[in-house]
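Dropping data11.txt in here (compact mmCIF, C-alpha atoms and all ligand atoms):
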# COMPACT_ATOMS: atom_id res chain seq x y z
CA MET A 149 39.87 47.78 57.12
CA MET A 150 36.53 46.94 55.53
CA GLY A 151 36.31 43.79 53.49
CA LYS A 152 33.71 42.74 50.96
CA LEU A 153 30.44 40.83 51.05
CA TRP A 154 29.15 39.03 47.98
CA ILE A 155 25.67 37.55 48.31
CA VAL A 156 25.76 34.81 45.73
CA GLY A 157 23.01 32.84 43.99
CA LEU A 158 24.42 29.41 43.07
CA GLY A 159 21.67 28.53 40.58
CA PRO A 160 19.42 25.47 40.79
CA GLY A 161 22.19 22.86 41.16
CA ALA A 162 24.09 22.09 37.95
CA ALA A 163 27.56 23.68 37.86
CA ASP A 164 27.02 24.96 34.32
CA LEU A 165 23.84 26.77 35.36
CA GLN A 166 25.87 28.90 37.78
CA ALA A 167 26.76 32.36 36.49
CA PRO A 168 30.45 32.93 35.63
CA ARG A 169 30.36 35.96 37.96
CA ALA A 170 29.30 33.67 40.84
CA SER A 171 32.17 31.25 40.08
CA ALA A 172 34.63 34.16 39.96
CA VAL A 173 33.65 35.62 43.33
CA LEU A 174 33.59 32.16 44.97
CA ALA A 175 37.15 31.66 43.78
CA ALA A 176 38.17 35.07 45.17
CA ALA A 177 36.43 34.84 48.58
CA SER A 178 38.43 34.32 51.76
CA ASP A 179 35.31 32.93 53.51
CA VAL A 180 32.22 31.07 52.34
CA VAL A 181 29.18 31.31 54.62
CA GLY A 182 25.86 29.51 54.20
CA TYR A 183 23.52 26.63 54.84
CA ALA A 184 25.67 23.47 54.78
CA ALA A 185 24.01 21.96 51.68
CA TYR A 186 24.83 25.10 49.69
CA VAL A 187 28.39 25.51 51.04
CA GLU A 188 29.01 21.91 49.89
CA ARG A 189 28.27 23.00 46.33
CA VAL A 190 31.26 25.38 46.39
CA PRO A 191 34.49 23.64 45.27
CA PRO A 192 36.90 23.68 48.24
CA ARG A 193 39.89 25.94 47.83
CA CYS A 194 43.09 25.89 49.85
CA GLY A 195 43.13 28.68 52.45
CA GLN A 196 39.43 29.49 52.11
CA VAL A 197 37.46 29.27 55.36
CA ARG A 198 34.06 27.59 55.16
CA HIS A 199 31.31 28.45 57.67
CA ALA A 200 28.53 25.90 57.15
CA SER A 201 25.43 26.26 59.30
CA GLY A 202 22.02 24.65 59.79
CA ASN A 203 18.97 25.80 57.86
CA GLY A 204 17.60 27.95 60.71
CA ASP A 205 18.35 31.45 61.99
CA GLU A 206 19.03 33.24 58.74
CA LEU A 207 19.40 36.61 60.45
CA ALA A 208 22.25 35.25 62.62
CA ARG A 209 23.93 33.89 59.46
CA ALA A 210 23.56 37.29 57.75
CA ARG A 211 25.02 39.10 60.79
CA HIS A 212 27.90 36.63 60.93
CA ALA A 213 28.71 37.33 57.26
CA LEU A 214 28.43 41.10 57.79
CA GLY A 215 30.67 40.89 60.88
CA LEU A 216 33.35 38.97 58.94
CA ALA A 217 33.24 41.53 56.11
CA ALA A 218 33.44 44.40 58.59
CA ALA A 219 36.56 42.75 60.05
CA GLY A 220 38.23 42.87 56.64
CA ARG A 221 37.38 39.43 55.20
CA CYS A 222 36.13 38.89 51.63
CA VAL A 223 32.99 36.88 52.25
CA ALA A 224 30.71 34.94 49.89
CA LEU A 225 27.32 34.27 51.47
CA VAL A 226 25.68 31.59 49.34
CA SER A 227 22.03 30.82 48.52
CA SER A 228 20.53 28.38 46.03
CA GLY A 229 18.91 29.73 42.87
CA ASP A 230 18.82 33.52 42.92
CA ALA A 231 20.15 35.23 46.05
CA GLY A 232 17.21 37.63 46.13
CA VAL A 233 14.32 35.15 45.66
CA PHE A 234 13.20 33.82 49.07
CA ALA A 235 16.89 33.91 49.99
CA MET A 236 19.69 35.67 51.85
CA ALA A 237 19.96 39.03 50.04
CA SER A 238 16.88 40.47 51.77
CA THR A 239 17.93 38.96 55.10
CA VAL A 240 21.29 40.73 54.82
CA LEU A 241 19.64 44.05 54.01
CA GLU A 242 17.28 43.56 56.96
CA ALA A 243 20.36 43.04 59.15
CA VAL A 244 22.02 46.15 57.66
CA GLU A 245 18.91 48.27 58.29
CA SER A 246 18.62 47.20 61.93
CA GLY A 247 22.32 46.73 62.70
CA ASP A 248 25.59 48.58 63.22
CA THR A 249 25.56 51.80 61.15
CA ALA A 250 29.10 50.95 59.96
CA TRP A 251 27.52 48.08 57.97
CA ARG A 252 25.91 50.71 55.69
CA LEU A 253 29.41 51.55 54.42
CA LEU A 254 30.29 47.95 53.59
CA ASP A 255 31.04 46.98 50.03
CA ILE A 256 28.16 44.59 49.30
CA GLU A 257 27.46 43.03 45.90
CA ILE A 258 24.52 40.79 45.08
CA VAL A 259 25.38 38.21 42.42
CA PRO A 260 22.25 36.87 40.71
CA GLY A 261 21.55 33.25 39.85
CA ILE A 262 18.99 31.19 37.93
CA SER A 263 15.99 30.79 40.20
CA ALA A 264 14.25 27.39 40.54
CA MET A 265 11.16 28.65 38.69
CA PHE A 266 13.21 29.49 35.59
CA ALA A 267 15.12 26.20 35.64
CA ALA A 268 11.86 24.25 36.13
CA ALA A 269 9.98 26.19 33.47
CA ALA A 270 12.74 25.61 30.92
CA ARG A 271 12.48 21.82 31.40
CA ILE A 272 8.81 21.68 30.41
CA GLY A 273 8.41 24.46 27.85
CA ALA A 274 7.44 28.06 28.52
CA PRO A 275 4.78 28.13 31.25
CA LEU A 276 6.00 31.56 32.43
CA GLY A 277 5.62 33.10 28.97
CA HIS A 278 2.78 35.34 30.15
CA ASP A 279 2.16 37.09 33.50
CA PHE A 280 3.07 35.03 36.54
CA CYS A 281 3.91 35.29 40.23
CA ALA A 282 5.98 33.44 42.81
CA ILE A 283 4.63 32.57 46.25
CA SER A 284 6.44 30.82 49.10
CA LEU A 285 4.16 28.36 50.87
CA SER A 286 6.24 28.58 54.00
CA ASP A 287 4.23 30.01 56.83
CA ASN A 288 7.31 30.27 59.06
CA LEU A 289 7.69 33.93 58.11
CA LYS A 290 4.06 34.88 57.31
CA PRO A 291 0.67 33.64 58.53
CA TRP A 292 -1.19 31.03 56.44
CA ASP A 293 -4.11 33.48 56.00
CA VAL A 294 -1.80 35.72 53.98
CA VAL A 295 -0.71 32.78 51.81
CA ALA A 296 -4.36 31.83 51.15
CA GLN A 297 -5.30 35.43 50.37
CA ARG A 298 -2.40 35.76 47.90
CA LEU A 299 -3.23 32.46 46.16
CA THR A 300 -6.81 33.66 45.72
CA ALA A 301 -5.64 37.04 44.38
CA ALA A 302 -3.16 35.38 41.99
CA VAL A 303 -5.90 33.16 40.55
CA SER A 304 -8.27 36.09 40.11
CA ALA A 305 -5.47 38.03 38.36
CA GLY A 306 -5.00 35.12 35.92
CA PHE A 307 -1.36 34.54 36.92
CA VAL A 308 0.58 31.33 36.49
CA ILE A 309 1.83 30.57 40.02
CA ALA A 310 5.26 29.27 41.01
CA LEU A 311 5.09 27.77 44.51
CA TYR A 312 8.37 27.69 46.45
CA ASN A 313 8.88 25.82 49.75
CA PRO A 314 5.79 23.66 49.13
CA LEU A 315 6.30 21.52 52.23
CA SER A 316 8.76 20.17 54.74
CA ARG A 317 8.71 17.81 57.69
CA ALA A 318 7.69 20.72 59.93
CA ARG A 319 5.07 21.97 57.40
CA PRO A 320 3.36 18.82 56.07
CA TRP A 321 -0.16 20.14 55.32
CA GLN A 322 0.30 23.45 53.48
CA LEU A 323 0.54 22.13 49.90
CA GLY A 324 -2.61 20.00 50.34
CA ALA A 325 -4.44 23.03 51.73
CA ALA A 326 -3.21 25.13 48.78
CA PHE A 327 -4.45 22.49 46.28
CA ASP A 328 -7.86 22.35 48.04
CA LEU A 329 -8.16 26.13 47.80
CA LEU A 330 -7.00 26.23 44.16
CA ARG A 331 -9.46 23.43 43.21
CA SER A 332 -12.29 25.67 44.44
CA LEU A 333 -11.09 28.48 42.15
CA LEU A 334 -9.68 26.83 38.97
CA PRO A 335 -10.84 24.06 36.58
CA GLY A 336 -9.68 20.54 37.49
CA ALA A 337 -7.85 20.28 34.14
CA THR A 338 -5.49 23.18 35.00
CA PRO A 339 -1.92 21.97 34.43
CA VAL A 340 0.20 21.37 37.54
CA VAL A 341 3.91 20.54 37.49
CA PHE A 342 6.04 19.05 40.24
CA ALA A 343 9.65 19.86 39.36
CA ALA A 344 12.01 18.33 41.94
CA ALA A 345 15.78 18.87 42.26
CA VAL A 346 15.92 20.41 38.80
CA SER A 347 19.32 20.19 37.09
CA THR A 348 20.70 17.74 39.68
CA PRO A 349 21.15 13.96 39.30
CA GLY A 350 17.94 13.50 41.35
CA GLU A 351 15.78 15.62 39.04
CA LYS A 352 12.17 14.42 38.72
CA ILE A 353 9.46 16.16 36.75
CA GLU A 354 5.77 15.26 36.85
CA ILE A 355 3.20 17.02 34.69
CA THR A 356 -0.33 16.46 35.93
CA THR A 357 -3.61 18.32 36.51
CA LEU A 358 -4.97 20.18 39.50
CA GLU A 359 -7.63 17.49 39.86
CA ALA A 360 -5.04 14.71 40.10
CA ALA A 361 -2.24 16.62 41.89
CA ASP A 362 -1.09 14.67 44.96
CA PRO A 363 0.77 16.80 47.51
CA ARG A 364 2.71 13.71 48.64
CA HIS A 365 4.62 13.92 45.35
CA ALA A 366 6.41 17.09 46.52
CA ASP A 367 9.23 17.57 48.98
CA MET A 368 11.51 20.41 50.09
CA SER A 369 13.40 20.33 46.80
CA THR A 370 10.27 20.67 44.65
CA LEU A 371 9.02 23.71 42.79
CA VAL A 372 5.29 23.44 42.02
CA LEU A 373 3.90 25.31 39.03
CA ILE A 374 0.18 25.96 38.66
CA GLY A 375 -0.95 26.92 35.16
CA SER A 376 -3.42 29.66 34.40
CA ALA A 377 -6.57 29.34 32.26
CA ALA A 378 -4.40 30.37 29.30
CA THR A 379 -1.65 27.73 29.80
CA ARG A 380 -1.65 25.19 26.96
CA ARG A 381 -0.43 21.60 26.72
CA ILE A 382 1.02 20.08 23.55
CA ASP A 383 0.97 16.28 23.72
CA ARG A 384 3.77 14.48 21.87
CA PRO A 385 4.22 10.81 20.98
CA ASP A 386 6.85 9.10 23.16
CA ALA A 387 7.91 12.35 24.82
CA PRO A 388 6.63 14.45 27.71
CA PRO A 389 4.19 17.19 26.76
CA TRP A 390 5.21 20.80 26.31
CA LEU A 391 3.43 23.37 28.46
CA TYR A 392 3.35 27.01 27.47
CA SER A 393 1.48 30.20 28.25
CA PRO A 394 0.87 32.21 25.06
CA ARG A 395 2.28 35.72 25.12
CA ARG A 396 -0.88 37.19 23.61
CA CYS A 397 -3.75 37.58 26.11
CA ALA A 398 -6.88 35.82 24.81
CA ALA A 399 -9.28 38.19 26.62
N1 LIG B 1 16.62 31.31 46.17
C1 LIG B 1 16.05 30.07 45.66
C2 LIG B 1 14.79 29.68 46.43
C3 LIG B 1 15.05 29.28 47.87
S1 LIG B 1 13.62 28.73 48.68
C4 LIG B 1 15.77 30.22 44.15
O1 LIG B 1 15.81 31.33 43.63
O2 LIG B 1 15.51 29.19 43.51
C5 LIG B 1 13.84 26.96 48.55
C6 LIG B 1 12.83 26.39 47.57
O3 LIG B 1 13.28 26.63 46.23
C7 LIG B 1 12.65 24.88 47.62
O4 LIG B 1 11.74 24.50 48.65
C8 LIG B 1 12.08 24.58 46.24
O5 LIG B 1 10.71 24.96 46.19
C9 LIG B 1 12.86 25.58 45.38
N2 LIG B 1 14.06 24.99 44.75
C10 LIG B 1 15.35 25.32 44.99
N3 LIG B 1 16.17 24.60 44.19
C11 LIG B 1 15.38 23.83 43.40
C12 LIG B 1 15.63 22.90 42.35
N4 LIG B 1 16.87 22.62 41.95
N5 LIG B 1 14.57 22.30 41.77
C13 LIG B 1 13.31 22.59 42.16
N6 LIG B 1 13.01 23.48 43.14
C14 LIG B 1 14.03 24.07 43.76

Could you show the structure in this file as structure tokens?
Amino acid sequence: MMGKLWIVGLGPGAADLQAPRASAVLAAASDVVGYAAYVERVPPRCGQVRHASGNGDELARARHALGLAAAGRCVALVSSGDAGVFAMASTVLEAVESGDTAWRLLDIEIVPGISAMFAAAARIGAPLGHDFCAISLSDNLKPWDVVAQRLTAAVSAGFVIALYNPLSRARPWQLGAAFDLLRSLLPGATPVVFAAAVSTPGEKIEITTLEAADPRHADMSTLVLIGSAATRRIDRPDAPPWLYSPRRCAA
């Protein structure tokens, strides 16, 4: 008997930023599979089996979840933010494409969540109000040359840029290299935001400029936003500034 696989985005961290659909399928699942830090965010339920793993080998995790579903279990595979943004939904489909043809018949549902860029943007105003893009700075899955080429193309297209995975212990230099490249392409006054652990008790938001941006202020839980030439800053007395990108193109 075939089971079910839900690929669930848990949102950025706060329980009330998780979609009701995500909460419903987590309550219905017989098994929860995922990176340990994300599995911990799922309230334990009697009789539910939890399969927490390390951060590596995502394809093995996807195959494990598919195998459980094929054996008749109702599996929730969890990701942070949205399940399809630099997360497990594409890994599962990669496993389906290359794996057992029976997996193509599985009942798979992708449950969306609020991605870090939306949670971060909402804290500081509306920086994504005009055209924007998202780029992962991780060069584990793509060469750095491709990252640099895409940053350059994004700047020349006038996009606001949301940078995911800005750095980690194993990738300490990438954000500094990205800032160096961006400083050669954009004015020093371009707004830059470090939004860390948004919607969790450890949330920290810093609004600065490209000129002053210090890569040491980011960690694995930080989303970095780079404004475009159109992004505006509204200073306010005794409150952080608002940043927004006007919807009307000035050009
Ligand atoms: N699927 C996730 C992204 C996973 S990649 C999503 O849609 O949000 C992991 C990266 O997401 C982190 O390195 C960080 O850049 C970002 N991120 C995830 N949660 C975050 C949060 N609460 N606050 C800020 N950035 C976050």

**Asked** How many Å lie between atom CA of Pro389 of chain A and atom CA of Arg271 of chain A, rounded to one decimal?
**Response**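 Computing the Euclidean distance for atom CA of Pro389 of chain A and atom CA of Arg271 of chain A yields 10.6 Å.
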
**Request:** Produce as a ChimeraX atom specification the set of residues near ligand LIG 1 (chain B), where near means within 8 Å with only C-alpha atoms and all ligand atoms considered.
**Result:** /A:157,159-161,227-236,261-265,267-268,284,311-315,343-348,351,367-372

**Item:** Neighbours of point (-7.9, 34.7, 32.1) within 9 Å, using all atoms listed in the file, written as a PyMOL selection string
**Value:** chain A and resi 303-307+376-378+397-399

**Asked** Mind pulling up the distance from atom CA of Asp287 of chain A to atom CA of Asn203 of chain A?
**Response**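 One can read the atom CA of Asn203 of chain A to atom CA of Asp287 of chain A distance as 15.4 Å.
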
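Of the residues listed (A:Asn288, A:Thr338, A:Gln196, A:Gln322), A:Gln196 shows the shortest atom-to-atom separation from Leu174 of chain A; distances use all atoms listed in the file.
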
**Request:** Have a look at A:Pro385, A:Ala269, A:Pro275, A:Leu330 and name the one nearest to Ile353 of chain A; count only C-alpha atoms.
**Result:** A:Ala269

**Complete:** From atom CA of Ile283 of chain A to atom CA of His365 of chain A the spacing works out at 18.7 Å

Can you tell me which residues surround Gly182 of chain A at a distance of at most 8 Å, considering only C-alpha atoms, apart from same-chain residues fewer than 4 positions away, and format the answer as a PDB file with C-alpha atoms, in the frame of the given file?
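The new file selection.pdb reads:
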ATOM      1  CA  TYR A 186      24.830  25.100  49.690  1.00  0.00           C
ATOM      2  CA  VAL A 187      28.390  25.510  51.040  1.00  0.00           C
ATOM      3  CA  HIS A 199      31.310  28.450  57.670  1.00  0.00           C
ATOM      4  CA  ALA A 200      28.530  25.900  57.150  1.00  0.00           C
ATOM      5  CA  SER A 201      25.430  26.260  59.300  1.00  0.00           C
ATOM      6  CA  ARG A 209      23.930  33.890  59.460  1.00  0.00           C
ATOM      7  CA  LEU A 225      27.320  34.270  51.470  1.00  0.00           C
ATOM      8  CA  VAL A 226      25.680  31.590  49.340  1.00  0.00           C
ATOM      9  CA  SER A 227      22.030  30.820  48.520  1.00  0.00           C
TER      10      SER A 227
END

**Request:** Dig up all the protein and nucleic acid residues within 6 Å of (36.0, 27.1, 53.4) in the file frame, using all atoms listed in the file, and format them as a PyMOL selection string.
**Result:** chain A and resi 179-180+196-198

**Asked** From the set A:Thr357, A:Ala219, A:Arg396, A:Glu242, which residue has the shortest atom-to-atom contact distance to Arg331 of chain A, counting all atoms listed in the file?
**Response** A:Thr357

**Request:** Using all atoms listed in the file, determine which residues lie at most 8 Å from segment 255-257 of chain A, disregarding the query and same-chain residues fewer than 3 positions distant; provide the list as an MDAnalysis selection string.
**Result:** chainID A and resid 150:155

Restrict the selected residues to C-alpha atoms and save them as a PDB file, keeping the file's coordinate frame.
ATOM      1  CA  MET A 150      36.530  46.940  55.530  1.00  0.00           C
ATOM      2  CA  GLY A 151      36.310  43.790  53.490  1.00  0.00           C
ATOM      3  CA  LYS A 152      33.710  42.740  50.960  1.00  0.00           C
ATOM      4  CA  LEU A 153      30.440  40.830  51.050  1.00  0.00           C
ATOM      5  CA  TRP A 154      29.150  39.030  47.980  1.00  0.00           C
ATOM      6  CA  ILE A 155      25.670  37.550  48.310  1.00  0.00           C
TER       7      ILE A 155
END

**Item:** Residue among A:Pro192, A:Gly324, A:Gly375, A:Pro388 lying closest to Asp279 of chain A, counting all atoms listed in the file
**Value:**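 Ranked by minimum distance to Asp279 of chain A, first place goes to A:Gly375.
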
**Item:** Selected residue, from A:Leu323, A:Ala167, A:Ala274, A:Leu299, that lies nearest to Arg380 of chain A when counting all atoms listed in the file
**Value:** A:Ala274

**Request:** Using all atoms listed in the file, pick whichever of A:Ala302, A:Leu241, A:Ala177, A:Cys194 has the shortest atom-to-atom distance to Leu207 of chain A.
**Result:**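 Among the listed residues, A:Leu241 lies closest to Leu207 of chain A.
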
Could you write segment 281-292 of chain A as a PDB file, in the frame of the given file, with all heavy atoms rebuilt where they are missing?
ATOM      1  N   CYS A 281       3.410  34.832  38.926  1.00  0.00           N
ATOM      2  CA  CYS A 281       3.910  35.290  40.230  1.00  0.00           C
ATOM      3  C   CYS A 281       4.567  34.128  40.957  1.00  0.00           C
ATOM      4  O   CYS A 281       4.394  32.971  40.571  1.00  0.00           O
ATOM      5  CB  CYS A 281       2.782  35.875  41.074  1.00  0.00           C
ATOM      6  SG  CYS A 281       1.569  34.661  41.576  1.00  0.00           S
ATOM      7  N   ALA A 282       5.326  34.443  41.975  1.00  0.00           N
ATOM      8  CA  ALA A 282       5.980  33.440  42.810  1.00  0.00           C
ATOM      9  C   ALA A 282       5.499  33.626  44.246  1.00  0.00           C
ATOM     10  O   ALA A 282       5.469  34.747  44.751  1.00  0.00           O
ATOM     11  CB  ALA A 282       7.492  33.591  42.738  1.00  0.00           C
ATOM     12  N   ILE A 283       5.115  32.523  44.864  1.00  0.00           N
ATOM     13  CA  ILE A 283       4.630  32.570  46.250  1.00  0.00           C
ATOM     14  C   ILE A 283       5.351  31.482  47.040  1.00  0.00           C
ATOM     15  O   ILE A 283       5.441  30.338  46.585  1.00  0.00           O
ATOM     16  CB  ILE A 283       3.095  32.323  46.295  1.00  0.00           C
ATOM     17  CG1 ILE A 283       2.357  33.443  45.552  1.00  0.00           C
ATOM     18  CG2 ILE A 283       2.593  32.200  47.733  1.00  0.00           C
ATOM     19  CD1 ILE A 283       0.846  33.290  45.509  1.00  0.00           C
ATOM     20  N   SER A 284       5.872  31.829  48.201  1.00  0.00           N
ATOM     21  CA  SER A 284       6.440  30.820  49.100  1.00  0.00           C
ATOM     22  C   SER A 284       5.317  30.284  49.968  1.00  0.00           C
ATOM     23  O   SER A 284       4.565  31.052  50.565  1.00  0.00           O
ATOM     24  CB  SER A 284       7.536  31.434  49.970  1.00  0.00           C
ATOM     25  OG  SER A 284       7.893  30.487  50.968  1.00  0.00           O
ATOM     26  N   LEU A 285       5.223  28.961  50.030  1.00  0.00           N
ATOM     27  CA  LEU A 285       4.160  28.360  50.870  1.00  0.00           C
ATOM     28  C   LEU A 285       4.588  28.235  52.321  1.00  0.00           C
ATOM     29  O   LEU A 285       3.836  27.734  53.139  1.00  0.00           O
ATOM     30  CB  LEU A 285       3.798  26.974  50.343  1.00  0.00           C
ATOM     31  CG  LEU A 285       2.758  26.883  49.229  1.00  0.00           C
ATOM     32  CD1 LEU A 285       2.210  25.474  49.138  1.00  0.00           C
ATOM     33  CD2 LEU A 285       1.627  27.867  49.417  1.00  0.00           C
ATOM     34  N   SER A 286       5.803  28.673  52.615  1.00  0.00           N
ATOM     35  CA  SER A 286       6.240  28.580  54.000  1.00  0.00           C
ATOM     36  C   SER A 286       5.479  29.581  54.859  1.00  0.00           C
ATOM     37  O   SER A 286       5.439  30.765  54.544  1.00  0.00           O
ATOM     38  CB  SER A 286       7.739  28.873  54.093  1.00  0.00           C
ATOM     39  OG  SER A 286       8.087  28.998  55.450  1.00  0.00           O
ATOM     40  N   ASP A 287       4.886  29.071  55.916  1.00  0.00           N
ATOM     41  CA  ASP A 287       4.230  30.010  56.830  1.00  0.00           C
ATOM     42  C   ASP A 287       5.079  30.184  58.090  1.00  0.00           C
ATOM     43  O   ASP A 287       4.580  30.558  59.139  1.00  0.00           O
ATOM     44  CB  ASP A 287       2.779  29.596  57.145  1.00  0.00           C
ATOM     45  CG  ASP A 287       2.684  28.189  57.689  1.00  0.00           C
ATOM     46  OD1 ASP A 287       3.729  27.524  57.797  1.00  0.00           O
ATOM     47  OD2 ASP A 287       1.567  27.761  58.023  1.00  0.00           O
ATOM     48  N   ASN A 288       6.398  29.944  57.953  1.00  0.00           N
ATOM     49  CA  ASN A 288       7.310  30.270  59.060  1.00  0.00           C
ATOM     50  C   ASN A 288       7.416  31.785  59.214  1.00  0.00           C
ATOM     51  O   ASN A 288       7.522  32.310  60.316  1.00  0.00           O
ATOM     52  CB  ASN A 288       8.720  29.752  58.789  1.00  0.00           C
ATOM     53  CG  ASN A 288       8.779  28.237  58.858  1.00  0.00           C
ATOM     54  OD1 ASN A 288       7.897  27.623  59.438  1.00  0.00           O
ATOM     55  ND2 ASN A 288       9.802  27.663  58.250  1.00  0.00           N
ATOM     56  N   LEU A 289       7.418  32.492  58.078  1.00  0.00           N
ATOM     57  CA  LEU A 289       7.690  33.930  58.110  1.00  0.00           C
ATOM     58  C   LEU A 289       6.457  34.778  57.804  1.00  0.00           C
ATOM     59  O   LEU A 289       6.535  35.990  57.759  1.00  0.00           O
ATOM     60  CB  LEU A 289       8.816  34.262  57.103  1.00  0.00           C
ATOM     61  CG  LEU A 289      10.141  33.530  57.344  1.00  0.00           C
ATOM     62  CD1 LEU A 289      11.124  33.749  56.215  1.00  0.00           C
ATOM     63  CD2 LEU A 289      10.783  33.979  58.656  1.00  0.00           C
ATOM     64  N   LYS A 290       5.317  34.124  57.525  1.00  0.00           N
ATOM     65  CA  LYS A 290       4.060  34.880  57.310  1.00  0.00           C
ATOM     66  C   LYS A 290       2.906  33.949  57.668  1.00  0.00           C
ATOM     67  O   LYS A 290       3.018  32.730  57.492  1.00  0.00           O
ATOM     68  CB  LYS A 290       3.957  35.383  55.876  1.00  0.00           C
ATOM     69  CG  LYS A 290       3.857  34.296  54.834  1.00  0.00           C
ATOM     70  CD  LYS A 290       3.939  34.811  53.408  1.00  0.00           C
ATOM     71  CE  LYS A 290       4.091  33.626  52.465  1.00  0.00           C
ATOM     72  NZ  LYS A 290       4.632  33.922  51.178  1.00  0.00           N
ATOM     73  N   PRO A 291       1.776  34.510  58.135  1.00  0.00           N
ATOM     74  CA  PRO A 291       0.670  33.640  58.530  1.00  0.00           C
ATOM     75  C   PRO A 291       0.010  32.965  57.322  1.00  0.00           C
ATOM     76  O   PRO A 291       0.040  33.511  56.216  1.00  0.00           O
ATOM     77  CB  PRO A 291      -0.316  34.599  59.216  1.00  0.00           C
ATOM     78  CG  PRO A 291       0.180  35.969  59.004  1.00  0.00           C
ATOM     79  CD  PRO A 291       1.533  35.918  58.365  1.00  0.00           C
ATOM     80  N   TRP A 292      -0.552  31.772  57.531  1.00  0.00           N
ATOM     81  CA  TRP A 292      -1.190  31.030  56.440  1.00  0.00           C
ATOM     82  C   TRP A 292      -2.313  31.835  55.786  1.00  0.00           C
ATOM     83  O   TRP A 292      -2.514  31.760  54.578  1.00  0.00           O
ATOM     84  CB  TRP A 292      -1.714  29.668  56.945  1.00  0.00           C
ATOM     85  CG  TRP A 292      -2.387  28.922  55.836  1.00  0.00           C
ATOM     86  CD1 TRP A 292      -3.727  28.722  55.664  1.00  0.00           C
ATOM     87  CD2 TRP A 292      -1.743  28.327  54.691  1.00  0.00           C
ATOM     88  NE1 TRP A 292      -3.959  28.046  54.489  1.00  0.00           N
ATOM     89  CE2 TRP A 292      -2.757  27.787  53.875  1.00  0.00           C
ATOM     90  CE3 TRP A 292      -0.416  28.211  54.272  1.00  0.00           C
ATOM     91  CZ2 TRP A 292      -2.480  27.136  52.666  1.00  0.00           C
ATOM     92  CZ3 TRP A 292      -0.141  27.565  53.073  1.00  0.00           C
ATOM     93  CH2 TRP A 292      -1.163  27.038  52.297  1.00  0.00           C
TER      94      TRP A 292
END
